[in-house]
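Engineer: This is run-v2.pdb, which holds PDB, C-alpha atoms:
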ATOM      1  CA  MET A   1     -11.170  -5.654  -5.580
ATOM      2  CA  LEU A   2      -9.954  -2.210  -4.550
ATOM      3  CA  VAL A   3      -7.164  -2.070  -1.958
ATOM      4  CA  PHE A   4      -6.204   1.273  -0.439
ATOM      5  CA  ALA A   5      -2.852   1.570   1.347
ATOM      6  CA  ALA A   6      -2.650   4.210   4.076
ATOM      7  CA  SER A   7      -0.215   5.077   6.864
ATOM      8  CA  ASP A   8       0.038   7.497   9.750
ATOM      9  CA  LYS A   9       3.172   9.132   8.342
ATOM     10  CA  GLY A  10       5.963   8.654   5.828
ATOM     11  CA  GLY A  11       8.679   6.092   6.466
ATOM     12  CA  THR A  12       6.373   3.360   7.746
ATOM     13  CA  GLY A  13       7.160   0.990   4.884
ATOM     14  CA  ARG A  14       3.707   1.464   3.359
ATOM     15  CA  SER A  15       4.699   1.724  -0.292
ATOM     16  CA  VAL A  16       7.392  -0.961  -0.342
ATOM     17  CA  THR A  17       5.233  -3.406   1.629
ATOM     18  CA  CYS A  18       2.160  -2.741  -0.498
ATOM     19  CA  ALA A  19       4.215  -3.127  -3.695
ATOM     20  CA  ASN A  20       5.543  -6.477  -2.495
ATOM     21  CA  ILE A  21       2.017  -7.656  -1.677
ATOM     22  CA  ALA A  22       0.948  -6.625  -5.184
ATOM     23  CA  PHE A  23       3.897  -8.551  -6.631
ATOM     24  CA  ARG A  24       2.921 -11.686  -4.679
ATOM     25  CA  CYS A  25      -0.671 -11.381  -5.888
ATOM     26  CA  ALA A  26       0.570 -11.222  -9.491
ATOM     27  CA  LEU A  27       2.689 -14.336  -8.923
ATOM     28  CA  LYS A  28      -0.515 -16.107  -7.829
ATOM     29  CA  GLY A  29      -1.990 -15.448 -11.275
ATOM     30  CA  MET A  30      -3.990 -12.292 -10.586
ATOM     31  CA  ASP A  31      -3.920  -9.291 -12.902
ATOM     32  CA  VAL A  32      -2.788  -6.418 -10.704
ATOM     33  CA  ALA A  33      -2.755  -2.641 -11.108
ATOM     34  CA  TYR A  34      -0.732  -0.434  -8.751
ATOM     35  CA  VAL A  35      -1.832   3.209  -8.790
ATOM     36  CA  ASP A  36       0.333   5.901  -7.190
ATOM     37  CA  PHE A  37      -1.960   8.288  -5.296
ATOM     38  CA  ASP A  38       0.906   9.485  -3.101
ATOM     39  CA  PHE A  39       0.453  13.065  -4.294
ATOM     40  CA  GLY A  40       3.229  14.491  -2.135
ATOM     41  CA  SER A  41       5.902  11.878  -2.896
ATOM     42  CA  PRO A  42       5.058   9.707  -5.934
ATOM     43  CA  THR A  43       8.079   7.401  -5.951
ATOM     44  CA  ALA A  44       6.524   3.983  -6.662
ATOM     45  CA  PRO A  45       8.591   3.483  -9.878
ATOM     46  CA  THR A  46      11.751   3.083  -7.797
ATOM     47  CA  VAL A  47      10.319   0.064  -5.944
ATOM     48  CA  PHE A  48       9.384  -1.749  -9.160
ATOM     49  CA  GLY A  49      12.604  -0.838 -10.959
ATOM     50  CA  LEU A  50      10.688   1.405 -13.352
ATOM     51  CA  THR A  51      12.413   4.740 -12.770
ATOM     52  CA  ALA A  52      13.974   4.870 -16.239
ATOM     53  CA  ALA A  53      10.687   3.894 -17.893
ATOM     54  CA  ALA A  54       8.841   6.601 -15.960
ATOM     55  CA  ASP A  55      11.489   9.157 -16.949
ATOM     56  CA  ARG A  56      11.147   8.197 -20.616
ATOM     57  CA  THR A  57       7.376   8.544 -20.409
ATOM     58  CA  ALA A  58       7.645  11.980 -18.811
ATOM     59  CA  ALA A  59      10.233  13.133 -21.362
ATOM     60  CA  ALA A  60       8.002  12.062 -24.248
ATOM     61  CA  ASP A  61       5.053  14.053 -22.898
ATOM     62  CA  ARG A  62       5.159  17.528 -24.400
ATOM     63  CA  THR A  63       2.817  18.945 -21.781
ATOM     64  CA  ALA A  64       5.079  17.774 -18.937
ATOM     65  CA  ALA A  65       1.898  16.689 -17.152
ATOM     66  CA  THR A  66       2.027  12.933 -17.440
ATOM     67  CA  GLY A  67       0.803  10.990 -14.441
ATOM     68  CA  VAL A  68      -2.150  10.047 -12.297
ATOM     69  CA  HIS A  69      -2.262  13.423 -10.576
ATOM     70  CA  SER A  70      -2.578  15.543 -13.725
ATOM     71  CA  TYR A  71      -5.099  13.016 -15.049
ATOM     72  CA  LEU A  72      -7.278  13.467 -11.961
ATOM     73  CA  ARG A  73      -7.019  17.248 -12.248
ATOM     74  CA  GLY A  74      -8.160  17.058 -15.874
ATOM     75  CA  GLU A  75      -4.887  18.438 -17.225
ATOM     76  CA  ASN A  76      -4.067  15.391 -19.325
ATOM     77  CA  ALA A  77      -6.386  12.822 -20.877
ATOM     78  CA  HIS A  78      -3.556  10.312 -21.259
ATOM     79  CA  LEU A  79      -2.876   7.960 -18.348
ATOM     80  CA  PRO A  80       0.569   6.324 -18.593
ATOM     81  CA  ARG A  81       0.875   2.639 -17.775
ATOM     82  CA  LEU A  82       4.157   0.836 -17.129
ATOM     83  CA  ASP A  83       4.272  -2.958 -17.403
ATOM     84  CA  MET A  84       6.737  -4.241 -14.822
ATOM     85  CA  TRP A  85       7.408  -7.595 -16.512
ATOM     86  CA  SER A  86       8.624  -5.933 -19.711
ATOM     87  CA  LEU A  87      10.060  -2.594 -18.537
ATOM     88  CA  SER A  88      11.718  -3.157 -15.150
ATOM     89  CA  GLU A  89      15.394  -2.335 -14.892
ATOM     90  CA  ARG A  90      15.892  -5.347 -12.621
ATOM     91  CA  ALA A  91      16.607  -8.484 -14.638
ATOM     92  CA  ALA A  92      14.886 -10.595 -11.965
ATOM     93  CA  LEU A  93      11.610  -8.769 -12.636
ATOM     94  CA  ARG A  94      11.661  -8.985 -16.424
ATOM     95  CA  GLY A  95       9.566 -11.778 -17.869
ATOM     96  CA  PRO A  96       6.715 -13.169 -15.761
ATOM     97  CA  PRO A  97       7.181 -16.605 -14.168
ATOM     98  CA  PRO A  98       4.791 -19.277 -15.497
ATOM     99  CA  GLY A  99       1.263 -18.766 -14.247
ATOM    100  CA  SER A 100       1.754 -15.128 -13.262
ATOM    101  CA  GLY A 101      -0.744 -12.395 -13.960
ATOM    102  CA  ARG A 102      -0.020  -8.907 -15.199
ATOM    103  CA  LEU A 103       1.478  -6.238 -12.936
ATOM    104  CA  CYS A 104       1.153  -2.670 -14.199
ATOM    105  CA  LEU A 105       2.098   0.591 -12.514
ATOM    106  CA  TYR A 106       0.224   3.845 -13.042
ATOM    107  CA  PRO A 107       2.772   6.430 -11.848
ATOM    108  CA  GLY A 108       2.131   9.812 -10.295
ATOM    109  CA  ASN A 109       3.534  13.118 -11.463
ATOM    110  CA  ARG A 110       7.190  13.652 -10.653
ATOM    111  CA  GLY A 111       7.507  16.635  -8.362
ATOM    112  CA  GLY A 112       3.781  16.736  -7.709
ATOM    113  CA  GLY A 113       2.095  17.889  -4.546
ATOM    114  CA  GLU A 114      -1.128  17.630  -2.587
ATOM    115  CA  PHE A 115      -4.112  19.312  -4.213
ATOM    116  CA  ALA A 116      -7.645  20.113  -3.116
ATOM    117  CA  ILE A 117     -10.381  17.648  -4.008
ATOM    118  CA  GLY A 118     -13.529  18.833  -5.747
ATOM    119  CA  GLY A 119     -16.489  17.205  -7.431
ATOM    120  CA  ALA A 120     -14.810  17.018 -10.827
ATOM    121  CA  VAL A 121     -11.702  15.350  -9.402
ATOM    122  CA  THR A 122     -13.806  12.842  -7.490
ATOM    123  CA  GLY A 123     -15.803  12.060 -10.615
ATOM    124  CA  ARG A 124     -12.636  11.409 -12.614
ATOM    125  CA  CYS A 125     -11.338   9.233  -9.755
ATOM    126  CA  VAL A 126     -14.509   7.123  -9.816
ATOM    127  CA  ASP A 127     -14.253   6.742 -13.593
ATOM    128  CA  LEU A 128     -10.579   5.762 -13.331
ATOM    129  CA  LEU A 129     -11.193   3.113 -10.684
ATOM    130  CA  LEU A 130     -14.154   1.665 -12.579
ATOM    131  CA  LEU A 131     -12.055   1.479 -15.735
ATOM    132  CA  LEU A 132      -9.222  -0.327 -13.971
ATOM    133  CA  LEU A 133     -11.623  -2.749 -12.274
ATOM    134  CA  THR A 134     -12.876  -3.905 -15.685
ATOM    135  CA  GLU A 135      -9.346  -5.004 -16.604
ATOM    136  CA  PHE A 136      -7.621  -6.016 -13.357
ATOM    137  CA  ASP A 137      -8.505  -8.446 -10.563
ATOM    138  CA  ILE A 138      -6.986  -6.229  -7.874
ATOM    139  CA  VAL A 139      -6.319  -2.485  -7.974
ATOM    140  CA  PHE A 140      -3.902  -1.255  -5.300
ATOM    141  CA  VAL A 141      -4.058   2.484  -4.576
ATOM    142  CA  ASP A 142      -1.054   3.826  -2.660
ATOM    143  CA  LEU A 143      -2.230   6.923  -0.755
ATOM    144  CA  SER A 144      -0.319   9.870   0.653
ATOM    145  CA  ALA A 145       0.583   9.526   4.324
ATOM    146  CA  GLY A 146      -1.513  10.925   7.138
ATOM    147  CA  ARG A 147      -4.761  12.865   6.848
ATOM    148  CA  SER A 148      -4.209  13.709   3.215
ATOM    149  CA  PHE A 149      -6.297  14.850   0.270
ATOM    150  CA  ALA A 150      -5.617  11.436  -1.249
ATOM    151  CA  VAL A 151      -7.297   9.664   1.692
ATOM    152  CA  ASP A 152     -10.249  12.045   1.453
ATOM    153  CA  LEU A 153     -10.507  11.406  -2.290
ATOM    154  CA  ALA A 154     -10.495   7.620  -1.823
ATOM    155  CA  LEU A 155     -13.248   7.785   0.799
ATOM    156  CA  ASN A 156     -15.320  10.229  -1.228
ATOM    157  CA  ALA A 157     -15.027   8.177  -4.435
ATOM    158  CA  THR A 158     -15.889   4.852  -2.803
ATOM    159  CA  ALA A 159     -18.987   6.400  -1.207
ATOM    160  CA  ARG A 160     -20.410   7.086  -4.678
ATOM    161  CA  ASP A 161     -23.156   4.798  -5.961
ATOM    162  CA  GLN A 162     -20.991   3.596  -8.873
ATOM    163  CA  LEU A 163     -18.552   1.926  -6.461
ATOM    164  CA  ALA A 164     -21.017   0.953  -3.750
ATOM    165  CA  ASN A 165     -20.954  -2.745  -4.639
ATOM    166  CA  THR A 166     -17.203  -2.953  -5.188
ATOM    167  CA  GLU A 167     -15.223  -5.102  -2.774
ATOM    168  CA  THR A 168     -13.011  -2.572  -1.021
ATOM    169  CA  ARG A 169     -10.310  -3.096   1.583
ATOM    170  CA  TRP A 170      -8.031  -0.773   3.505
ATOM    171  CA  LEU A 171      -4.541  -1.686   4.672
ATOM    172  CA  VAL A 172      -3.154   0.710   7.274
ATOM    173  CA  PHE A 173       0.589   0.301   7.780
ATOM    174  CA  HIS A 174       2.526   1.207  10.908
ATOM    175  CA  ARG A 175       5.836   0.560  12.604
ATOM    176  CA  TRP A 176       6.035  -1.369  15.880
ATOM    177  CA  THR A 177       6.714   1.611  18.168
ATOM    178  CA  HIS A 178       4.724   3.584  20.737
ATOM    179  CA  GLN A 179       4.709   6.650  18.496
ATOM    180  CA  HIS A 180       3.434   4.838  15.412
ATOM    181  CA  ILE A 181       0.750   2.905  17.293
ATOM    182  CA  MET A 182      -0.578   6.154  18.769
ATOM    183  CA  ALA A 183      -0.491   7.988  15.438
ATOM    184  CA  THR A 184      -2.112   5.097  13.562
ATOM    185  CA  ALA A 185      -4.956   4.847  16.055
ATOM    186  CA  ASP A 186      -5.592   8.576  15.571
ATOM    187  CA  LEU A 187      -5.415   8.252  11.772
ATOM    188  CA  VAL A 188      -8.169   5.640  11.781
ATOM    189  CA  ASN A 189     -10.311   6.535  14.802
ATOM    190  CA  GLY A 190      -9.486  10.148  15.629
ATOM    191  CA  LYS A 191     -11.045  13.423  14.567
ATOM    192  CA  ARG A 192     -10.751  13.802  10.784
ATOM    193  CA  GLY A 193      -9.490  10.234  10.690
ATOM    194  CA  ILE A 194     -10.465   7.610   8.132
ATOM    195  CA  VAL A 195     -13.666   6.563   9.904
ATOM    196  CA  ASP A 196     -14.718  10.145  10.656
ATOM    197  CA  ILE A 197     -14.098  11.330   7.094
ATOM    198  CA  GLY A 198     -15.669   8.210   5.616
ATOM    199  CA  THR A 199     -18.909   8.504   7.565
ATOM    200  CA  GLY A 200     -19.023  12.171   6.596
ATOM    201  CA  HIS A 201     -19.002  11.106   2.969
ATOM    202  CA  GLY A 202     -21.812   8.617   3.574
ATOM    203  CA  HIS A 203     -20.064   5.358   4.452
ATOM    204  CA  ASP A 204     -21.706   3.114   7.026
ATOM    205  CA  GLU A 205     -19.393   3.243  10.048
ATOM    206  CA  ALA A 206     -19.526  -0.460  10.931
ATOM    207  CA  ALA A 207     -19.047  -1.539   7.327
ATOM    208  CA  LEU A 208     -16.110   0.833   6.872
ATOM    209  CA  ARG A 209     -14.412  -0.360  10.058
ATOM    210  CA  ASN A 210     -14.692  -3.941   8.891
ATOM    211  CA  ARG A 211     -12.881  -3.049   5.674
ATOM    212  CA  ILE A 212      -9.847  -1.831   7.632
ATOM    213  CA  ARG A 213      -6.961  -4.050   8.717
ATOM    214  CA  PHE A 214      -3.562  -3.114  10.096
ATOM    215  CA  VAL A 215      -0.166  -4.283   8.876
ATOM    216  CA  ARG A 216       2.896  -4.034  11.103
ATOM    217  CA  ALA A 217       5.914  -3.204   8.946
ATOM    218  CA  ALA A 218       9.627  -3.543   9.695
ATOM    219  CA  VAL A 219       9.030  -5.278  13.034
ATOM    220  CA  PRO A 220      12.427  -5.795  14.739
ATOM    221  CA  ARG A 221      13.433  -9.311  15.629
ATOM    222  CA  GLU A 222      15.332 -10.023  18.799
ATOM    223  CA  PRO A 223      19.029  -9.793  17.835
ATOM    224  CA  ASP A 224      21.402 -12.630  18.543
ATOM    225  CA  GLN A 225      24.004 -12.445  21.307
ATOM    226  CA  LEU A 226      22.103 -10.041  23.522
ATOM    227  CA  ARG A 227      23.021  -9.685  27.149
ATOM    228  CA  PRO A 228      20.277 -11.147  29.371
ATOM    229  CA  VAL A 229      19.237  -7.705  30.602
ATOM    230  CA  GLN A 230      18.835  -6.471  27.006
ATOM    231  CA  ALA A 231      16.770  -9.493  25.959
ATOM    232  CA  GLU A 232      14.500  -9.053  28.967
ATOM    233  CA  TRP A 233      14.061  -5.338  28.208
ATOM    234  CA  ILE A 234      13.027  -6.113  24.616
ATOM    235  CA  ARG A 235      10.530  -8.767  25.726
ATOM    236  CA  THR A 236       9.032  -6.335  28.253
ATOM    237  CA  LEU A 237       8.783  -3.586  25.633
ATOM    238  CA  ASP A 238       7.118  -5.956  23.171
ATOM    239  CA  GLU A 239       4.527  -6.835  25.814
ATOM    240  CA  GLU A 240       3.910  -3.116  26.392
ATOM    241  CA  LEU A 241       3.439  -2.509  22.673
ATOM    242  CA  THR A 242       1.081  -5.481  22.368
ATOM    243  CA  ALA A 243      -1.057  -4.190  25.235
ATOM    244  CA  MET A 244      -1.030  -0.652  23.850
ATOM    245  CA  ALA A 245      -2.023  -1.832  20.366
ATOM    246  CA  ALA A 246      -4.963  -3.787  21.792
ATOM    247  CA  ASP A 247      -6.060  -0.795  23.877
ATOM    248  CA  LYS A 248      -5.921   1.512  20.845
ATOM    249  CA  GLY A 249      -7.890  -0.833  18.584
ATOM    250  CA  LEU A 250      -4.865  -2.215  16.723
ATOM    251  CA  GLY A 251      -4.888  -5.675  18.289
ATOM    252  CA  ARG A 252      -4.375  -9.061  16.684
ATOM    253  CA  ALA A 253      -8.025  -9.444  15.654
ATOM    254  CA  VAL A 254      -7.745  -6.494  13.254
ATOM    255  CA  THR A 255      -4.108  -7.011  12.253
ATOM    256  CA  LEU A 256      -3.745  -8.779   8.926
ATOM    257  CA  GLY A 257      -0.065  -9.556   9.373
ATOM    258  CA  ALA A 258       3.427  -8.323  10.131
ATOM    259  CA  VAL A 259       6.640  -8.040   8.139
ATOM    260  CA  PRO A 260       9.969  -8.459   9.950
ATOM    261  CA  LEU A 261      12.719  -5.891   9.682
ATOM    262  CA  GLU A 262      14.511  -6.689   6.414
ATOM    263  CA  PRO A 263      18.137  -5.452   6.066
ATOM    264  CA  VAL A 264      17.857  -5.280   2.261
ATOM    265  CA  LEU A 265      14.994  -2.789   2.543
ATOM    266  CA  GLN A 266      16.981  -0.562   4.894
ATOM    267  CA  TRP A 267      19.374   0.060   2.007
ATOM    268  CA  ARG A 268      17.116  -0.182  -1.022
ATOM    269  CA  GLU A 269      13.326  -0.122  -1.299
ATOM    270  CA  GLN A 270      12.595  -2.868  -3.799
ATOM    271  CA  ILE A 271      10.597  -5.943  -4.652
ATOM    272  CA  ILE A 272      11.926  -8.961  -2.745
ATOM    273  CA  THR A 273      11.964 -11.965  -5.086
ATOM    274  CA  ASP A 274      12.291 -15.635  -4.199
ATOM    275  CA  GLY A 275      15.772 -15.475  -5.710
ATOM    276  CA  ASP A 276      16.764 -12.701  -3.302
ATOM    277  CA  ALA A 277      16.053 -15.057  -0.401
ATOM    278  CA  LEU A 278      16.767 -18.528  -1.788
ATOM    279  CA  THR A 279      19.414 -18.031  -4.490
ATOM    280  CA  SER A 280      21.569 -15.029  -3.648
ATOM    281  CA  GLY A 281      20.598 -15.090   0.027
ATOM    282  CA  VAL A 282      20.711 -11.307   0.381
ATOM    283  CA  ALA A 283      17.183 -11.230   1.814
ATOM    284  CA  ASN A 284      15.575 -13.306   4.543
ATOM    285  CA  THR A 285      13.081 -16.076   3.790
ATOM    286  CA  ALA A 286      10.946 -14.780   6.671
ATOM    287  CA  THR A 287      10.336 -11.610   4.654
ATOM    288  CA  VAL A 288       9.157 -13.580   1.618
ATOM    289  CA  ASP A 289       6.930 -15.704   3.847
ATOM    290  CA  ALA A 290       5.373 -12.580   5.371
ATOM    291  CA  TYR A 291       4.572 -11.081   1.964
ATOM    292  CA  GLN A 292       3.097 -14.362   0.759
ATOM    293  CA  ASP A 293       0.904 -14.588   3.849
ATOM    294  CA  LEU A 294      -0.352 -11.024   3.400
ATOM    295  CA  ALA A 295      -1.171 -11.656  -0.272
ATOM    296  CA  ALA A 296      -3.120 -14.775   0.704
ATOM    297  CA  ALA A 297      -4.877 -12.983   3.575
ATOM    298  CA  LEU A 298      -5.967 -10.158   1.300
ATOM    299  CA  THR A 299      -8.294 -12.461  -0.635
ATOM    300  CA  ASP A 300      -9.199 -14.808   2.225
ATOM    301  CA  SER A 301     -12.717 -13.844   3.303
ATOM    302  CA  SER A 302     -12.276 -15.581   6.665
ATOM    303  CA  ARG A 303      -9.589 -13.019   7.565
ATOM    304  CA  TRP A 304     -12.091 -10.219   6.879
ATOM    305  CA  GLU A 305     -15.164 -11.553   8.627
ATOM    306  CA  THR A 306     -17.221  -9.141  10.682
ATOM    307  CA  LEU A 307     -15.701  -8.728  14.114
TER     308      LEU A 307
END
Translate the structure of the given file into structure tokens.
Structural biologist:
Amino acid sequence: MLVFAASDKGGTGRSVTCANIAFRCALKGMDVAYVDFDFGSPTAPTVFGLTAAADRTAAADRTAATGVHSYLRGENAHLPRLDMWSLSERAALRGPPPGSGRLCLYPGNRGGGEFAIGGAVTGRCVDLLLLLLTEFDIVFVDLSAGRSFAVDLALNATARDQLANTETRWLVFHRWTHQHIMATADLVNGKRGIVDIGTGHGHDEAALRNRIRFVRAAVPREPDQLRPVQAEWIRTLDEELTAMAADKGLGRAVTLGAVPLEPVLQWREQIITDGDALTSGVANTATVDAYQDLAAALTDSSRWETL
């Protein structure tokens, strides 16, 4: 299965949420690859605790062109792979729990940037995805935010005959605000949005729409000890957002799940382990539950039935 992670803009929680879903899939016994296609800001190693390992890999590369981006551009035939269970700087992530599958990160180029997509790049992208699909059960591809070259590349590659029969899913992440709901609706349904670009590359519109689900990230919970007027204002605003999301095509029927605002992630973007919630107590169990539900929903065909 191919899973593409998109968002209307940076700061939505796309990468950290997607990484935590990938982690939960690996805990369920699946072999998981996480590929950093965020060409403008390839920082996935920090979430997995693999920054030092990525730095060592880059330092050992004499061409200074190690990473997914240079590989796609044909500048380097070597594609670095970092195994989280053996290389993570976080002790809690070293050594897989019994029954876990593999979890490997394919990092982007440090200091990279967006680049134009041509036929040769698309061909190498198709070959890369096919190669990973022979080894891993799920391949997560973390895309650059907004209407990016990375989104265009993903849609172009998956329209090719070689990937036509591959199970492909899109997770579009957004915050629970008026601004993010509006921007996310435009990213998917607007001019030069995902559906528009995808159909231009040859995707069937209805089939592509059915591969897209929304994930609400960092959804605020009603704080304790609010004055009655504040609590009522929040409830009214939530009703407004719910109505707006439904009107813009982001309603509950196409929303795969939501992740509550997690204080830990406001300070450090990281994998949230069971120990973070149950042993040390620094994270909330509701956050773990949300990630587990999203991982289960990703492979539950009933949650992806034609609408």
Engineer: Taking the file as shown, find all residues satisfying the PyMOL selection byres ((chain A and resi 256-271) around 9) and write them as a short mmCIF file (atom, residue, chain, number, x, y, z; two decimals) with C-alpha atoms, keeping the file's coordinate frame.
Structural biologist:
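Resulting contents of part-v9.cif:
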data_model
loop_
_atom_site.label_atom_id
_atom_site.label_comp_id
_atom_site.auth_asym_id
_atom_site.auth_seq_id
_atom_site.Cartn_x
_atom_site.Cartn_y
_atom_site.Cartn_z
CA GLY A 13 7.16 0.99 4.88
CA SER A 15 4.70 1.72 -0.29
CA VAL A 16 7.39 -0.96 -0.34
CA THR A 17 5.23 -3.41 1.63
CA ALA A 19 4.22 -3.13 -3.70
CA ASN A 20 5.54 -6.48 -2.50
CA PHE A 23 3.90 -8.55 -6.63
CA THR A 46 11.75 3.08 -7.80
CA VAL A 47 10.32 0.06 -5.94
CA PHE A 48 9.38 -1.75 -9.16
CA GLY A 49 12.60 -0.84 -10.96
CA LEU A 93 11.61 -8.77 -12.64
CA LEU A 171 -4.54 -1.69 4.67
CA ARG A 213 -6.96 -4.05 8.72
CA PHE A 214 -3.56 -3.11 10.10
CA VAL A 215 -0.17 -4.28 8.88
CA ARG A 216 2.90 -4.03 11.10
CA ALA A 217 5.91 -3.20 8.95
CA ALA A 218 9.63 -3.54 9.70
CA VAL A 219 9.03 -5.28 13.03
CA PRO A 220 12.43 -5.80 14.74
CA ARG A 221 13.43 -9.31 15.63
CA ARG A 252 -4.38 -9.06 16.68
CA ALA A 253 -8.02 -9.44 15.65
CA VAL A 254 -7.74 -6.49 13.25
CA THR A 255 -4.11 -7.01 12.25
CA ILE A 272 11.93 -8.96 -2.74
CA THR A 273 11.96 -11.96 -5.09
CA VAL A 282 20.71 -11.31 0.38
CA ALA A 283 17.18 -11.23 1.81
CA ASN A 284 15.58 -13.31 4.54
CA ALA A 286 10.95 -14.78 6.67
CA THR A 287 10.34 -11.61 4.65
CA VAL A 288 9.16 -13.58 1.62
CA ASP A 289 6.93 -15.70 3.85
CA ALA A 290 5.37 -12.58 5.37
CA TYR A 291 4.57 -11.08 1.96
CA ASP A 293 0.90 -14.59 3.85
CA LEU A 294 -0.35 -11.02 3.40
CA ALA A 297 -4.88 -12.98 3.58
CA LEU A 298 -5.97 -10.16 1.30
CA ARG A 303 -9.59 -13.02 7.56
CA TRP A 304 -12.09 -10.22 6.88
#
Engineer: Which residue gives the smallest distance to A:Arg14 among A:Ile138, A:Ala91, A:Ala44, A:Val188, with only C-alpha atoms counted?
Structural biologist: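 Going through A:Ile138, A:Ala91, A:Ala44, A:Val188 one by one, the smallest distance to A:Arg14 is for A:Ala44.
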Engineer: Where does the PyMOL selection byres ((chain A and resi 68) around 8) land in this file, that is, which residues does it pick, as a PyMOL selection string?
Structural biologist: chain A and resi 35-37+66-67+69-72+79-80+106-109
Engineer: Which residues, written as a list in words, have at least one atom at most 12 Å from A:Gly193, with only C-alpha atoms counted and residues fewer than 3 positions away on the same chain left out?
Structural biologist: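 Listed by chain and then number, they are Ala6, Ser7, Asp8, Ala145, Gly146, Arg147, Ser148, Phe149, Val151, Asp152, Leu155, Val172, Ala183, Thr184, Ala185, Asp186, Leu187, Val188, Asn189, Gly190, Asp196, Ile197, Gly198, Thr199, Gly200 and Arg209 of chain A.
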Engineer: Just so the selection is clear, what residues does the PyMOL selection byres ((chain A and resi 203) around 12) cover here, as an MDAnalysis selection string?
Structural biologist: chainID A and resid 154:161 163:164 168 194:202 204:211
Engineer: From the set A:Gly99, A:Leu130, A:Gly29, A:Arg124, which residue has the shortest atom-to-atom contact distance to A:Asn76, counting only C-alpha atoms?
Structural biologist: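 Using only C-alpha atoms, A:Asn76 sits closest to A:Arg124.
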Engineer: Please, what distance in Å, to one decimal, runs between atom CA of A:Gly74 and atom CA of A:Ser86?
Structural biologist: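 It comes out at 28.7 Å.
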Engineer: How many Å lie between atom CA of A:Ala295 and atom CA of A:Ile21, rounded to one decimal?
Structural biologist: 5.3 Å
Engineer: So that I can check the surroundings of A:Ser88, please list as a PDB file with C-alpha atoms, in the coordinates of the input every protein, DNA and RNA residue that reaches within 6 Å of it, counting all atoms listed in the file and ignoring chain neighbours fewer than 3 positions away.
Structural biologist:
ATOM      1  CA  GLY A  49      12.604  -0.838 -10.959  1.00  0.00           C
ATOM      2  CA  LEU A  50      10.688   1.405 -13.352  1.00  0.00           C
ATOM      3  CA  MET A  84       6.737  -4.241 -14.822  1.00  0.00           C
ATOM      4  CA  ARG A  94      11.661  -8.985 -16.424  1.00  0.00           C
TER       5      ARG A  94
END
Engineer: Would you list the residues near (-10.4, -1.8, 0.7), meaning any protein, DNA or RNA residue with an atom at most 8 Å from that point in file coordinates, counting only C-alpha atoms, as a list in words?
Structural biologist: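 Result, sorted by chain then residue number: Met1, Leu2, Val3, Phe4, Glu167, Thr168, Arg169, Trp170, Leu171, Arg211 and Ile212 of chain A.
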Engineer: As an exercise, work out the distance from atom CA of A:Ala245 to atom CA of A:Val141 in Å and give it to one decimal place.
Structural biologist: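 That distance, rounded to one decimal, is 25.4 Å.
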Engineer: Give the answer as one residue: which of A:Val32, A:Ile117, A:Thr177, A:Arg73 has the shortest atom-to-atom distance to A:Ala243, using all atoms listed in the file?
Structural biologist: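 Result for the nearest residue to A:Ala243: A:Thr177.
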Engineer: Return the single residue from A:Ser100, A:Asp142, A:Ala52, A:Gly113 that is closest to A:Tyr34, with distances computed using only C-alpha atoms.
Structural biologist: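 Of the candidates, the smallest distance to A:Tyr34 is held by A:Asp142.
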Engineer: From the set A:Arg90, A:Arg102, A:His78, A:Lys248, which residue has the shortest atom-to-atom contact distance to A:Asp31, counting all atoms listed in the file?
Structural biologist: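 Ranked by minimum distance to A:Asp31, first place goes to A:Arg102.
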Engineer: Restricting the calculation to all atoms listed in the file: of A:Ala116, A:Leu226, A:Cys104, A:Ala77, which residue gets closest to A:Phe136?
Structural biologist: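 Closest candidate: A:Cys104.
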Engineer: When you look at A:Ile234 with a cut-off of 10 Å (counting all atoms listed in the file), what residues show up, excluding the ones that are within fewer than 3 positions of it in the same chain? I need them as an MDAnalysis selection string.
Structural biologist: chainID A and resid 220:223 226 229:231 237:240
Engineer: For A:Ala296, find every residue with an atom within 8 Å (counting only C-alpha atoms), except residues of its own chain fewer than 4 positions away, and show them as a ChimeraX atom specification.
Structural biologist: /A:25,292,300
Engineer: Filtering to C-alpha atoms, could you give me those residues as a short mmCIF file (atom, residue, chain, number, x, y, z; two decimals), in the frame of the given file?
Structural biologist:
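Output file result01.cif follows:
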data_model
loop_
_atom_site.label_atom_id
_atom_site.label_comp_id
_atom_site.auth_asym_id
_atom_site.auth_seq_id
_atom_site.Cartn_x
_atom_site.Cartn_y
_atom_site.Cartn_z
CA CYS A 25 -0.67 -11.38 -5.89
CA GLN A 292 3.10 -14.36 0.76
CA ASP A 300 -9.20 -14.81 2.22
#
Engineer: For stretch 163-170 of chain A, take all atoms listed in the file, fit an axis-aligned box around them, add 6 Å to each of the six sides, then output centre and edge lengths in Å rounded to one decimal, as JSON.
Structural biologist:
{"center_x": -14.5, "center_y": -1.6, "center_z": -1.5, "size_x": 25.0, "size_y": 19.0, "size_z": 22.0}
